Amino acid sequence: MGKHRNRLSVVSVIHALANPARFLKIARPLTPILFWTGVLLIAIGVWAGLTQTPPDYLQGETVRILYIHVPTAWLGMAGWSGIAVSSLIYLVWRHPLAAVAARAIAMPGAMFAALCLATGSIWGRPTWGTYWQWDGRLTSMLLLFFVYLGYMALARADADRGGDGRIPAIYGIAGSVLLPIIRYSVVWWNTLHQGQSIGLTKSTIDSTLLWPLWYTLGGFTLFFAAIVIMRMRAMLATARIEARMRRMAATSDFATESN
């Protein structure tokens, strides 16, 4: 009985937030809070990582790029998780706002995936002796970046032809197969990329180096959320303007026919 009640409460929350007017009422004041809190945490984390931590005994000063690289890798993967969940909600409950959320996530998700690849390459040159290696982790992350680009192109094409959004939603769910591959690639294959350094309960990174990472990780996550909400608000505003223009055009055509 308790599980059934919890399931109903989750569904009721999804239905409540699916109302664009209710969503916008929450999103307008929330956007600047997320944005500026994220910027502040990023600034603190970057400052601390550059000035308040010692160099690594093996990697030296290059270890400091982890304060950017780890959050971008996390958000590149988390972004696609958001697309997959939003796509599933859209297919099951047909909530248009879920489709808007998926499309809004795609661009910042691709941007953070690209930043992950760029910072990883910069880190790799002095650490591994090469900017790029076709190993499991790097290759699967590159594939995720291309999957992001494919989703954006597919969503745009579907919107241009007046589609109902089901094809991009199916693509969004199917693309999530890459996430466990990225996550466990360093375990499944002999890879140049180092193993998993940070877990839920322990980390192989010394605490004197690790603590600024929590600031940048939280800051970039809030910053990412603010971008997504701003994009959703812009998409809803565009849809509202387009609907108004269609109504005005229909009214004008009706008046012309009547005359």
# chains A, B, ... in the order shown; residues from 1 in each chain; ligands from 1
>>> residues_around(residues="segment 158-167 of chain A", least_positions_apart="3", cutoff="9 Å", atoms="only C-alpha atoms", output="ChimeraX atom specification")
/A:87,90-91,96,99,153-155,170-172
>>> residues_around(residues="segment 53-69 of chain A", least_positions_apart="5", cutoff="10 Å", atoms="only C-alpha atoms", output="VMD selection string")
chain A and resid 42 45 to 48 74 112 to 113 115 to 128 205 to 217 220
>>> atom_distance(atom1="atom CA of Tyr148 of chain A", atom2="atom CA of Ile33 of chain A")
27.4 Å
>>> atom_distance(atom1="atom CA of Ala226 of chain A", atom2="atom CA of Thr37 of chain A")
9.9 Å
>>> select_by_dssp(residues="segment 21-104 of chain A", states="alpha helix (DSSP H)", output="PyMOL selection string")
chain A and resi 21-51+66-93+96-104
>>> atom_distance(atom1="atom CA of Ala98 of chain A", atom2="atom CA of Leu142 of chain A")
26.0 Å
>>> closest_residue(among="A:Phe223, A:Trp80, A:Phe35, A:Phe23", to="Tyr151 of chain A", atoms="only C-alpha atoms")
A:Trp80
>>> closest_residue(among="A:Ala114, A:Ala239, A:Ala169, A:Ala234", to="Ile89 of chain A", atoms="only C-alpha atoms")
A:Ala169
>>> residues_around(residues="Gly150 of chain A", least_positions_apart="6", cutoff="10 Å", atoms="only C-alpha atoms", output="PyMOL selection string")
chain A and resi 106+144+156+168+171-172+175
